[in-house]
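File shown here: model23.txt, holding compact mmCIF, C-alpha atoms.
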# COMPACT_ATOMS: atom_id res chain seq x y z
CA MET A 1 83.42 105.61 91.96
CA LYS A 2 85.20 106.74 95.08
CA LEU A 3 83.85 109.23 97.60
CA GLN A 4 86.32 111.81 96.29
CA SER A 5 84.96 111.36 92.74
CA TYR A 6 81.42 111.74 94.02
CA GLU A 7 82.33 115.00 95.78
CA GLU A 8 84.01 116.26 92.60
CA LEU A 9 80.84 115.45 90.66
CA LYS A 10 78.75 117.39 93.17
CA HIS A 11 81.14 120.35 92.91
CA SER A 12 80.88 120.25 89.13
CA LYS A 13 77.10 120.28 89.35
CA TYR A 14 77.22 123.16 91.86
CA ARG A 15 79.58 125.12 89.61
CA LEU A 16 77.37 124.61 86.55
CA SER A 17 74.32 125.88 88.46
CA LEU A 18 76.24 129.01 89.49
CA MET A 19 77.46 129.65 85.94
CA LEU A 20 73.96 129.12 84.51
CA LEU A 21 72.51 131.61 87.01
CA LEU A 22 75.12 134.20 86.05
CA PHE A 23 74.69 133.56 82.33
CA LEU A 24 70.90 133.99 82.50
CA ASN A 25 71.30 137.26 84.40
CA VAL A 26 73.71 138.55 81.76
CA VAL A 27 71.25 137.57 79.00
CA ILE A 28 68.35 139.32 80.76
CA THR A 29 70.41 142.50 81.14
CA LEU A 30 71.31 142.42 77.44
CA PHE A 31 67.61 142.15 76.65
CA CYS A 32 66.97 145.21 78.82
CA TRP A 33 69.59 147.12 76.83
CA THR A 34 68.09 146.48 73.39
CA PRO A 35 67.15 149.63 71.43
CA VAL A 36 63.45 148.82 71.77
CA ARG A 37 63.70 148.95 75.59
CA LYS A 38 66.19 151.73 76.23
CA SER A 39 64.07 153.03 79.09
CA GLU A 40 64.85 149.93 81.18
CA MET A 41 68.63 150.45 81.15
CA THR A 42 68.75 151.31 84.86
CA LEU A 43 71.63 151.45 87.32
CA PRO A 44 70.53 148.16 89.01
CA VAL A 45 70.54 146.44 85.60
CA ILE A 46 74.05 147.73 84.94
CA CYS A 47 75.13 146.42 88.36
CA VAL A 48 73.61 143.01 87.57
CA ALA A 49 75.49 142.86 84.26
CA ILE A 50 78.85 143.88 85.76
CA PHE A 51 78.53 141.65 88.83
CA SER A 52 77.34 138.58 86.87
CA SER A 53 80.02 139.02 84.20
CA ALA A 54 82.78 139.38 86.80
CA ILE A 55 81.80 136.23 88.73
CA LEU A 56 81.27 134.30 85.49
CA CYS A 57 84.77 135.23 84.33
CA LEU A 58 86.15 134.16 87.70
CA CYS A 59 84.47 130.76 87.32
CA LEU A 60 85.92 130.34 83.83
CA ILE A 61 89.43 131.43 84.83
CA ARG A 62 89.47 129.40 88.07
CA PRO A 63 87.60 126.15 87.27
CA LYS A 64 88.95 124.47 90.44
CA LEU A 65 87.68 127.25 92.72
CA LYS A 66 85.57 125.74 95.50
CA LEU A 67 84.35 128.85 97.32
CA PRO A 68 80.67 128.61 98.38
CA LEU A 69 79.54 131.40 96.03
CA LEU A 70 76.08 130.20 94.97
CA ASN A 71 74.07 131.32 98.02
CA PRO A 72 75.60 134.82 98.45
CA VAL A 73 75.58 135.44 94.68
CA SER A 74 71.93 134.40 94.47
CA PHE A 75 70.97 136.80 97.27
CA ILE A 76 72.97 139.72 95.80
CA LEU A 77 71.40 139.26 92.37
CA GLY A 78 67.96 138.98 93.94
CA ALA A 79 68.57 142.21 95.83
CA LEU A 80 69.69 143.97 92.64
CA TRP A 81 66.56 142.85 90.80
CA ALA A 82 64.46 144.04 93.75
CA TRP A 83 66.19 147.41 93.44
CA HIS A 84 65.37 147.45 89.72
CA ILE A 85 61.71 146.62 90.36
CA ASN A 86 61.42 149.36 92.97
CA TYR A 87 63.18 151.87 90.69
CA ARG A 88 60.98 151.12 87.68
CA PHE A 89 57.80 151.08 89.74
CA HIS A 90 58.36 154.62 90.96
CA GLN A 91 59.02 156.09 87.52
CA ALA A 92 56.38 158.74 86.98
CA SER A 93 55.60 157.63 83.45
CA TYR A 94 54.89 154.03 84.38
CA PHE A 95 51.24 152.94 84.91
CA ASP A 96 51.11 149.22 84.01
CA ASP A 97 49.31 147.31 86.80
CA GLY A 98 50.82 144.01 85.63
CA PHE A 99 54.40 145.19 86.03
CA LEU A 100 54.90 143.72 89.51
CA ILE A 101 53.53 140.28 88.53
CA ILE A 102 55.61 140.17 85.34
CA SER A 103 58.75 141.23 87.23
CA LEU A 104 58.15 138.59 89.88
CA LEU A 105 57.60 135.88 87.28
CA SER A 106 60.81 136.92 85.51
CA VAL A 107 62.82 136.41 88.69
CA PHE A 108 61.10 133.06 89.29
CA PHE A 109 61.92 132.09 85.71
CA ILE A 110 65.65 132.64 86.27
CA SER A 111 65.55 130.79 89.60
CA ALA A 112 63.57 127.87 88.18
CA ILE A 113 66.07 127.21 85.40
CA ALA A 114 69.35 127.72 87.31
CA LEU A 115 68.54 126.86 90.92
CA SER A 116 66.12 123.94 90.76
CA ASP A 117 68.65 121.72 92.60
CA HIS A 118 69.48 124.29 95.28
CA LEU A 119 66.45 125.23 97.38
CA LEU A 120 68.29 127.60 99.72
CA ALA A 121 69.84 129.54 96.83
CA PHE A 122 66.42 129.59 95.14
CA CYS A 123 64.81 131.10 98.24
CA LEU A 124 67.63 133.63 98.67
CA HIS A 125 67.28 134.73 95.06
CA ILE A 126 63.52 135.27 95.13
CA THR A 127 63.16 136.70 98.66
CA PRO A 128 64.25 140.33 97.96
CA PRO A 129 61.99 140.68 94.86
CA VAL A 130 59.06 138.99 96.65
CA VAL A 131 59.32 141.31 99.65
CA THR A 132 59.67 144.32 97.34
CA VAL A 133 56.63 143.35 95.25
CA LEU A 134 54.48 142.75 98.34
CA LEU A 135 55.42 146.15 99.76
CA LEU A 136 54.85 147.99 96.50
CA ASP A 137 51.55 146.30 95.74
CA LYS A 138 50.06 147.31 99.13
CA GLY A 139 47.59 144.44 99.01
CA GLU A 140 45.90 145.36 95.73
CA HIS A 141 46.76 142.08 94.00
CA LEU A 142 47.68 140.08 97.10
CA PRO A 143 45.85 136.80 96.20
CA LEU A 144 47.41 136.72 92.72
CA ILE A 145 50.88 137.53 94.02
CA LEU A 146 50.63 134.92 96.78
CA LEU A 147 49.48 132.35 94.24
CA ASN A 148 52.48 133.10 92.02
CA ILE A 149 54.78 132.79 95.02
CA THR A 150 53.24 129.76 96.74
CA LEU A 151 52.81 127.37 93.81
CA PRO A 152 56.45 127.53 92.59
CA LEU A 153 57.76 127.42 96.14
CA ILE A 154 55.74 124.32 97.01
CA GLY A 155 56.69 122.66 93.74
CA PHE A 156 60.39 123.32 94.13
CA SER A 157 60.34 122.29 97.80
CA LEU A 158 58.81 118.92 96.91
CA GLN A 159 61.21 118.50 94.00
CA HIS A 160 64.15 119.39 96.23
CA LEU A 161 63.01 116.87 98.87
CA MET A 162 62.75 114.09 96.29
CA ARG A 163 66.14 114.92 94.81
CA ARG A 164 67.72 115.08 98.24
CA ARG A 165 66.37 111.64 99.08
CA ALA A 166 67.59 110.32 95.72
CA ASP A 167 71.04 111.84 96.31
CA ASN A 168 71.23 110.35 99.81
CA PHE A 169 70.23 106.95 98.47
CA THR A 170 72.86 107.22 95.72
CA LEU A 171 75.51 108.20 98.25
CA ARG A 172 74.63 105.32 100.60
CA LEU A 173 74.65 102.88 97.70
CA MET A 174 77.99 104.20 96.49
CA LEU A 175 79.53 103.94 99.96
CA GLN A 176 78.21 100.40 100.35
CA LEU A 177 79.60 99.38 96.97
CA TYR A 178 82.93 101.03 97.80
CA GLN A 179 83.12 99.18 101.13
CA GLU A 180 82.34 95.89 99.42
CA LYS A 181 84.95 96.65 96.77
CA GLU A 182 87.53 97.32 99.50
CA ALA A 183 86.55 94.10 101.27
CA PHE A 184 86.90 92.07 98.06
CA SER A 185 90.17 93.84 97.31
CA ASP A 186 91.50 92.88 100.75
CA LEU A 187 90.38 89.29 100.24
CA SER A 188 92.01 89.16 96.83
CA MET A 189 95.34 90.07 98.45
CA LEU A 190 95.16 87.18 100.95
CA ASP A 191 95.84 83.51 100.48
CA PRO A 192 92.59 81.70 101.42
CA LEU A 193 94.30 78.69 103.00
CA THR A 194 96.88 80.37 105.23
CA GLY A 195 95.47 83.88 105.62
CA LEU A 196 98.87 85.28 104.60
CA TYR A 197 99.41 87.80 101.84
CA ASN A 198 99.56 86.43 98.32
CA ARG A 199 101.84 87.92 95.67
CA ARG A 200 99.38 90.71 94.92
CA GLY A 201 99.19 91.61 98.61
CA LEU A 202 102.98 91.53 98.85
CA LYS A 203 103.33 93.93 95.92
CA ASN A 204 100.83 96.30 97.52
CA ARG A 205 102.77 96.36 100.81
CA LEU A 206 106.15 96.38 99.08
CA ASP A 207 105.44 99.57 97.13
CA ASN A 208 104.52 101.38 100.35
CA ILE A 209 107.52 100.06 102.29
CA LEU A 210 110.10 100.92 99.65
CA GLU A 211 108.68 104.43 99.23
CA ASN A 212 108.17 105.36 102.89
CA HIS A 213 110.59 103.31 104.99
CA ALA A 214 114.29 104.08 104.98
CA GLY A 215 116.86 101.59 106.20
CA SER A 216 117.91 98.14 105.11
CA HIS A 217 115.40 95.43 104.23
CA TYR A 218 115.87 91.69 103.79
CA VAL A 219 114.08 89.00 101.82
CA LEU A 220 113.74 85.58 103.43
CA LEU A 221 112.63 82.79 101.11
CA LEU A 222 111.49 79.59 102.86
CA ASP A 223 110.52 76.16 101.59
CA ILE A 224 109.11 73.15 103.47
CA ASP A 225 111.52 70.22 103.17
CA HIS A 226 110.31 67.17 101.22
CA PHE A 227 106.77 68.54 101.08
CA LYS A 228 105.89 66.61 97.92
CA ALA A 229 106.63 63.38 99.77
CA TYR A 230 104.49 64.63 102.68
CA ASN A 231 101.55 65.31 100.36
CA ASP A 232 101.94 62.03 98.48
CA ASN A 233 101.95 59.93 101.64
CA TYR A 234 99.71 61.84 104.07
CA GLY A 235 97.27 63.24 101.51
CA HIS A 236 96.50 66.77 100.41
CA ALA A 237 94.12 67.44 103.28
CA MET A 238 96.91 66.80 105.78
CA GLY A 239 99.24 68.81 103.55
CA ASP A 240 96.90 71.79 103.77
CA GLN A 241 96.81 71.47 107.55
CA ALA A 242 100.60 71.42 107.66
CA LEU A 243 100.80 74.52 105.46
CA ALA A 244 98.33 76.34 107.69
CA ARG A 245 100.23 75.46 110.87
CA VAL A 246 103.60 76.40 109.36
CA SER A 247 102.20 79.74 108.19
CA VAL A 248 101.01 80.51 111.74
CA ALA A 249 104.46 79.63 113.12
CA ILE A 250 106.17 81.93 110.61
CA ARG A 251 103.80 84.79 111.38
CA ASP A 252 104.28 84.33 115.14
CA ALA A 253 108.08 84.29 114.83
CA VAL A 254 108.45 87.63 113.03
CA ARG A 255 107.64 91.20 114.03
CA SER A 256 104.32 92.87 113.29
CA ARG A 257 105.87 95.14 110.68
CA ASP A 258 107.35 92.26 108.69
CA VAL A 259 105.36 91.04 105.69
CA VAL A 260 104.70 87.29 105.49
CA THR A 261 103.59 85.94 102.12
CA ARG A 262 102.64 82.55 100.74
CA TYR A 263 104.81 82.83 97.68
CA GLY A 264 103.64 79.65 96.00
CA GLY A 265 102.85 76.05 96.96
CA GLU A 266 104.95 75.20 100.02
CA GLU A 267 107.14 78.29 99.57
CA PHE A 268 106.90 81.37 101.81
CA LEU A 269 108.52 84.79 101.63
CA VAL A 270 109.15 87.14 104.54
CA LEU A 271 109.98 90.78 103.90
CA MET A 272 111.95 91.99 106.91
CA THR A 273 111.91 95.78 107.19
CA ASN A 274 114.46 98.06 108.83
CA VAL A 275 116.84 95.35 110.04
CA ASN A 276 120.56 94.67 109.89
CA SER A 277 122.03 91.34 108.82
CA SER A 278 122.43 90.08 112.39
CA ILE A 279 118.81 90.66 113.38
CA ALA A 280 117.60 89.28 110.06
CA MET A 281 119.49 86.02 110.65
CA LYS A 282 118.15 85.79 114.23
CA LEU A 283 114.59 86.20 112.96
CA ALA A 284 115.18 83.59 110.27
CA GLU A 285 116.60 81.15 112.79
CA ARG A 286 113.63 81.79 115.11
CA ILE A 287 111.26 80.93 112.27
CA ARG A 288 113.15 77.69 111.59
CA GLN A 289 112.96 76.74 115.27
CA TYR A 290 109.26 77.63 115.57
CA VAL A 291 108.49 75.28 112.68
CA VAL A 292 110.54 72.46 114.20
CA ASP A 293 108.75 73.00 117.53
CA LEU A 294 105.41 72.36 115.84
CA GLU A 295 106.46 68.68 115.81
CA ILE A 296 104.37 67.85 112.78
CA PRO A 297 105.23 64.16 112.09
CA HIS A 298 107.03 63.58 108.80
CA ARG A 299 108.59 60.14 108.64
CA PHE A 300 109.48 60.71 104.98
CA ASN A 301 111.85 63.47 106.08
CA GLU A 302 114.11 61.12 108.06
CA LYS A 303 117.39 62.34 106.57
CA VAL A 304 116.70 65.73 108.11
CA SER A 305 114.28 65.17 110.98
CA THR A 306 111.25 63.14 111.96
CA HIS A 307 109.19 66.31 111.86
CA VAL A 308 108.35 68.94 109.26
CA THR A 309 111.25 71.37 108.75
CA ILE A 310 112.05 74.29 106.50
CA SER A 311 115.07 75.50 104.58
CA ALA A 312 115.59 79.17 103.82
CA GLY A 313 117.74 81.63 101.94
CA ILE A 314 118.12 85.24 102.97
CA ALA A 315 119.34 88.24 100.98
CA PRO A 316 119.40 92.03 101.42
CA ILE A 317 117.53 94.44 99.14
CA TYR A 318 119.98 96.77 97.42
CA ASP A 319 118.77 99.99 95.76
CA ASN A 320 115.11 98.87 96.05
CA GLU A 321 115.84 95.99 93.65
CA PHE A 322 113.33 93.56 95.17
CA ASP A 323 113.31 91.06 92.30
CA GLN A 324 117.09 90.79 92.42
CA ALA A 325 116.94 90.22 96.19
CA VAL A 326 114.40 87.41 95.67
CA ALA A 327 116.66 85.83 93.06
CA ASN A 328 119.62 86.03 95.46
CA ALA A 329 117.58 84.52 98.31
CA ASP A 330 116.43 81.76 95.96
CA ARG A 331 120.08 80.91 95.17
CA ALA A 332 120.83 80.73 98.88
CA LEU A 333 117.76 78.52 99.42
CA TYR A 334 118.90 76.19 96.63
CA VAL A 335 122.32 75.79 98.23
CA ALA A 336 120.77 75.31 101.68
CA LYS A 337 118.68 72.41 100.37
CA ASN A 338 121.69 70.82 98.71
CA GLN A 339 123.63 71.11 101.98
CA GLY A 340 121.15 68.97 103.92
CA ARG A 341 118.00 71.08 104.49
CA ASN A 342 116.57 72.36 107.80
CA THR A 343 119.00 75.24 107.64
CA ILE A 344 119.22 78.97 106.95
CA LEU A 345 121.78 80.30 104.51
CA ALA A 346 122.61 83.94 103.77
CA TRP A 347 123.29 84.89 100.17
CA GLU A 348 126.23 87.00 101.32
CA ASP A 349 127.87 83.87 102.80
CA LEU A 350 127.69 81.91 99.56
CA PRO A 351 130.89 81.16 97.65
CA LYS A 352 131.67 83.67 94.90
CA ALA A 353 130.56 81.11 92.33
CA HIS A 354 127.00 81.67 93.49
CA HIS A 355 127.31 85.49 93.27
CA PRO A 356 126.78 86.34 89.62
CA THR A 357 125.52 89.78 90.67
CA SER A 358 127.79 90.43 93.61
CA GLY A 359 129.86 92.95 91.69
CA GLU A 360 126.79 95.16 91.23
CA HIS A 361 126.57 95.92 94.94
CA ALA A 362 130.28 95.93 95.90

In structure tokens, what does this structure look like?
Amino acid sequence: MKLQSYEELKHSKYRLSLMLLLFLNVVITLFCWTPVRKSEMTLPVICVAIFSSAILCLCLIRPKLKLPLLNPVSFILGALWAWHINYRFHQASYFDDGFLIISLLSVFFISAIALSDHLLAFCLHITPPVVTVLLLDKGEHLPLILLNITLPLIGFSLQHLMRRRADNFTLRLMLQLYQEKEAFSDLSMLDPLTGLYNRRGLKNRLDNILENHAGSHYVLLLDIDHFKAYNDNYGHAMGDQALARVSVAIRDAVRSRDVVTRYGGEEFLVLMTNVNSSIAMKLAERIRQYVVDLEIPHRFNEKVSTHVTISAGIAPIYDNEFDQAVANADRALYVAKNQGRNTILAWEDLPKAHHPTSGEHA
């Protein structure tokens, strides 16, 4: 789960709490309007019904709405119920001493079900009725009222504290797991021996470059000359050292925005971004020279040099056709090796016989 998904989950939970609060208020108002209780159909109750229904419809019509409605809605509904309590209490025909306690418990009932995860909204919802009941009671049932206020408030405060700690722990754990996932993802895109991108890392960078960088791009495919003979005679440990040193030379020779990849075995690929053919050839030649300057002994490469060398083919990317550019660079590399190795050859300079796709880009 990403942080964005976690925030969306929190918003969904917040929205459900708001909708449950509104739904319960609508249900309570419908109960007040039943034929048995026609006397309780007061103006505040009508206001609660209209207000709750309107906000509930808004939530249903606009499910992506992220306005912070819960706290103000809770306070407004609490104020309307306080108005209802005050209105009913002052009706001349009303003499029930338990009315204030029952009214207060009814408000707490709604808050307990809908707002158990939102302490501030819970307090905003119950505050107007609590203040109204305390003022109307004038101290006659003060201990009982305070008991009915204090116990739920303490309970919900403790519950809110425990849930907040659990949520914070979940968030920290999620962030830690996400960071570890990103770290493993980065590692999975790197070749462990050379530290260069592997094919997966190349694809990740390639998608971004082709989408967001205009201009001409070139593919340079490089291969270490007679590397099998080097491995067979010097051993694989020395071969790994040679690969590591050559990879450093390639990376040092190119620009920071170019993508260097270990394409497989002793083969490397360099994606040169925003270059023309002249600069691309200069960069390729600089890579070749950097590798020669390493002076890694290779006496089984005598026909070319007494040191490790590379051959390379270079080709432009037309119409974002990366795979075709790699195939063209590979053809140029093949010809370069047949022509004596330790050389760079551009696909565009090949004879027409080696251009089976040249007509596509004419």

_Which residues are close to region 230-240 of chain A, i.e. within 7 Å by all atoms listed in the file, leaving aside same-chain residues fewer than 4 positions away? Reply as a PyMOL selection string._
chain A and resi 226+244+298+300

*asked:* Nearest residue to Lys64 (chain A) out of A:Leu193, A:His11, A:Val131, A:Gln159, using only C-alpha atoms?
replied: A:His11

Region 248-261 of chain A: which residues within 10 Å, counting all atoms listed in the file, same-chain residues fewer than 5 positions away excluded, as a PDB file with C-alpha atoms, keeping the file's coordinate frame?
ATOM      1  CA  MET A 189      95.340  90.070  98.450  1.00  0.00           C
ATOM      2  CA  LEU A 190      95.160  87.180 100.950  1.00  0.00           C
ATOM      3  CA  ASP A 191      95.840  83.510 100.480  1.00  0.00           C
ATOM      4  CA  THR A 194      96.880  80.370 105.230  1.00  0.00           C
ATOM      5  CA  GLY A 195      95.470  83.880 105.620  1.00  0.00           C
ATOM      6  CA  LEU A 196      98.870  85.280 104.600  1.00  0.00           C
ATOM      7  CA  TYR A 197      99.410  87.800 101.840  1.00  0.00           C
ATOM      8  CA  ASN A 198      99.560  86.430  98.320  1.00  0.00           C
ATOM      9  CA  ARG A 199     101.840  87.920  95.670  1.00  0.00           C
ATOM     10  CA  ARG A 200      99.380  90.710  94.920  1.00  0.00           C
ATOM     11  CA  GLY A 201      99.190  91.610  98.610  1.00  0.00           C
ATOM     12  CA  LEU A 202     102.980  91.530  98.850  1.00  0.00           C
ATOM     13  CA  ARG A 205     102.770  96.360 100.810  1.00  0.00           C
ATOM     14  CA  LEU A 206     106.150  96.380  99.080  1.00  0.00           C
ATOM     15  CA  ILE A 209     107.520 100.060 102.290  1.00  0.00           C
ATOM     16  CA  HIS A 217     115.400  95.430 104.230  1.00  0.00           C
ATOM     17  CA  TYR A 218     115.870  91.690 103.790  1.00  0.00           C
ATOM     18  CA  VAL A 219     114.080  89.000 101.820  1.00  0.00           C
ATOM     19  CA  LEU A 220     113.740  85.580 103.430  1.00  0.00           C
ATOM     20  CA  LEU A 221     112.630  82.790 101.110  1.00  0.00           C
ATOM     21  CA  LEU A 222     111.490  79.590 102.860  1.00  0.00           C
ATOM     22  CA  ALA A 242     100.600  71.420 107.660  1.00  0.00           C
ATOM     23  CA  LEU A 243     100.800  74.520 105.460  1.00  0.00           C
ATOM     24  CA  GLU A 267     107.140  78.290  99.570  1.00  0.00           C
ATOM     25  CA  PHE A 268     106.900  81.370 101.810  1.00  0.00           C
ATOM     26  CA  LEU A 269     108.520  84.790 101.630  1.00  0.00           C
ATOM     27  CA  VAL A 270     109.150  87.140 104.540  1.00  0.00           C
ATOM     28  CA  LEU A 271     109.980  90.780 103.900  1.00  0.00           C
ATOM     29  CA  MET A 272     111.950  91.990 106.910  1.00  0.00           C
ATOM     30  CA  THR A 273     111.910  95.780 107.190  1.00  0.00           C
ATOM     31  CA  ASN A 274     114.460  98.060 108.830  1.00  0.00           C
ATOM     32  CA  ALA A 280     117.600  89.280 110.060  1.00  0.00           C
ATOM     33  CA  LYS A 282     118.150  85.790 114.230  1.00  0.00           C
ATOM     34  CA  LEU A 283     114.590  86.200 112.960  1.00  0.00           C
ATOM     35  CA  ALA A 284     115.180  83.590 110.270  1.00  0.00           C
ATOM     36  CA  GLU A 285     116.600  81.150 112.790  1.00  0.00           C
ATOM     37  CA  ARG A 286     113.630  81.790 115.110  1.00  0.00           C
ATOM     38  CA  ILE A 287     111.260  80.930 112.270  1.00  0.00           C
ATOM     39  CA  ARG A 288     113.150  77.690 111.590  1.00  0.00           C
ATOM     40  CA  GLN A 289     112.960  76.740 115.270  1.00  0.00           C
ATOM     41  CA  TYR A 290     109.260  77.630 115.570  1.00  0.00           C
ATOM     42  CA  VAL A 291     108.490  75.280 112.680  1.00  0.00           C
ATOM     43  CA  VAL A 292     110.540  72.460 114.200  1.00  0.00           C
ATOM     44  CA  ASP A 293     108.750  73.000 117.530  1.00  0.00           C
ATOM     45  CA  LEU A 294     105.410  72.360 115.840  1.00  0.00           C
TER      46      LEU A 294
END

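Picture a line from CA of Glu321 (chain A) to CA of Asp207 (chain A); it runs 11.5 Å.
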
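Here CA of Phe122 (chain A) and CA of Lys10 (chain A) stand 17.5 Å from one another.
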
*Selection: 10 Å around Asp137 (chain A), all atoms listed in the file, excl. self and same-chain fewer than 5 positions, as JSON, numbers by chain*: {"A": [89, 97, 100, 101, 132, 142, 145]}

Mind completing region 251-258 of chain A with all heavy atoms? Output as a PDB file, keeping the file's coordinate frame, please?
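Output saved as part35.pdb:
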ATOM      1  N   ARG A 251     104.366  83.488 111.014  1.00  0.00           N
ATOM      2  CA  ARG A 251     103.800  84.790 111.380  1.00  0.00           C
ATOM      3  C   ARG A 251     104.071  85.112 112.849  1.00  0.00           C
ATOM      4  O   ARG A 251     104.336  86.261 113.199  1.00  0.00           O
ATOM      5  CB  ARG A 251     102.299  84.781 111.102  1.00  0.00           C
ATOM      6  CG  ARG A 251     101.638  86.141 111.207  1.00  0.00           C
ATOM      7  CD  ARG A 251     100.249  86.075 110.605  1.00  0.00           C
ATOM      8  NE  ARG A 251      99.495  84.955 111.130  1.00  0.00           N
ATOM      9  CZ  ARG A 251      98.454  84.387 110.515  1.00  0.00           C
ATOM     10  NH1 ARG A 251      98.063  84.846 109.350  1.00  0.00           N
ATOM     11  NH2 ARG A 251      97.827  83.374 111.061  1.00  0.00           N
ATOM     12  N   ASP A 252     104.025  84.097 113.714  1.00  0.00           N
ATOM     13  CA  ASP A 252     104.280  84.330 115.140  1.00  0.00           C
ATOM     14  C   ASP A 252     105.753  84.635 115.416  1.00  0.00           C
ATOM     15  O   ASP A 252     106.074  85.305 116.405  1.00  0.00           O
ATOM     16  CB  ASP A 252     103.860  83.102 115.954  1.00  0.00           C
ATOM     17  CG  ASP A 252     102.352  82.937 116.012  1.00  0.00           C
ATOM     18  OD1 ASP A 252     101.637  83.911 115.669  1.00  0.00           O
ATOM     19  OD2 ASP A 252     101.885  81.839 116.374  1.00  0.00           O
ATOM     20  N   ALA A 253     106.648  84.148 114.566  1.00  0.00           N
ATOM     21  CA  ALA A 253     108.080  84.290 114.830  1.00  0.00           C
ATOM     22  C   ALA A 253     108.611  85.665 114.423  1.00  0.00           C
ATOM     23  O   ALA A 253     109.645  86.094 114.950  1.00  0.00           O
ATOM     24  CB  ALA A 253     108.850  83.194 114.093  1.00  0.00           C
ATOM     25  N   VAL A 254     107.931  86.357 113.517  1.00  0.00           N
ATOM     26  CA  VAL A 254     108.450  87.630 113.030  1.00  0.00           C
ATOM     27  C   VAL A 254     107.761  88.797 113.735  1.00  0.00           C
ATOM     28  O   VAL A 254     106.849  88.614 114.530  1.00  0.00           O
ATOM     29  CB  VAL A 254     108.262  87.756 111.496  1.00  0.00           C
ATOM     30  CG1 VAL A 254     109.027  86.654 110.791  1.00  0.00           C
ATOM     31  CG2 VAL A 254     106.789  87.721 111.128  1.00  0.00           C
ATOM     32  N   ARG A 255     108.209  89.999 113.426  1.00  0.00           N
ATOM     33  CA  ARG A 255     107.640  91.200 114.030  1.00  0.00           C
ATOM     34  C   ARG A 255     106.377  91.616 113.276  1.00  0.00           C
ATOM     35  O   ARG A 255     106.145  91.193 112.135  1.00  0.00           O
ATOM     36  CB  ARG A 255     108.669  92.328 113.990  1.00  0.00           C
ATOM     37  CG  ARG A 255     109.989  91.979 114.676  1.00  0.00           C
ATOM     38  CD  ARG A 255     111.102  92.911 114.199  1.00  0.00           C
ATOM     39  NE  ARG A 255     111.259  92.878 112.744  1.00  0.00           N
ATOM     40  CZ  ARG A 255     112.016  93.716 112.073  1.00  0.00           C
ATOM     41  NH1 ARG A 255     112.712  94.653 112.694  1.00  0.00           N
ATOM     42  NH2 ARG A 255     112.113  93.616 110.760  1.00  0.00           N
ATOM     43  N   SER A 256     105.585  92.458 113.895  1.00  0.00           N
ATOM     44  CA  SER A 256     104.320  92.870 113.290  1.00  0.00           C
ATOM     45  C   SER A 256     104.517  93.649 111.999  1.00  0.00           C
ATOM     46  O   SER A 256     103.670  93.623 111.110  1.00  0.00           O
ATOM     47  CB  SER A 256     103.503  93.698 114.284  1.00  0.00           C
ATOM     48  OG  SER A 256     104.229  94.859 114.670  1.00  0.00           O
ATOM     49  N   ARG A 257     105.651  94.341 111.885  1.00  0.00           N
ATOM     50  CA  ARG A 257     105.870  95.140 110.680  1.00  0.00           C
ATOM     51  C   ARG A 257     106.455  94.350 109.525  1.00  0.00           C
ATOM     52  O   ARG A 257     106.566  94.864 108.417  1.00  0.00           O
ATOM     53  CB  ARG A 257     106.769  96.341 110.996  1.00  0.00           C
ATOM     54  CG  ARG A 257     108.209  96.014 111.362  1.00  0.00           C
ATOM     55  CD  ARG A 257     109.034  97.296 111.421  1.00  0.00           C
ATOM     56  NE  ARG A 257     110.425  97.084 111.747  1.00  0.00           N
ATOM     57  CZ  ARG A 257     110.965  97.278 112.937  1.00  0.00           C
ATOM     58  NH1 ARG A 257     110.187  97.653 113.938  1.00  0.00           N
ATOM     59  NH2 ARG A 257     112.244  97.087 113.142  1.00  0.00           N
ATOM     60  N   ASP A 258     106.842  93.099 109.764  1.00  0.00           N
ATOM     61  CA  ASP A 258     107.350  92.260 108.690  1.00  0.00           C
ATOM     62  C   ASP A 258     106.183  91.686 107.885  1.00  0.00           C
ATOM     63  O   ASP A 258     105.100  91.441 108.416  1.00  0.00           O
ATOM     64  CB  ASP A 258     108.212  91.132 109.248  1.00  0.00           C
ATOM     65  CG  ASP A 258     109.449  91.662 109.976  1.00  0.00           C
ATOM     66  OD1 ASP A 258     109.981  92.696 109.532  1.00  0.00           O
ATOM     67  OD2 ASP A 258     109.847  91.060 110.988  1.00  0.00           O
TER      68      ASP A 258
END
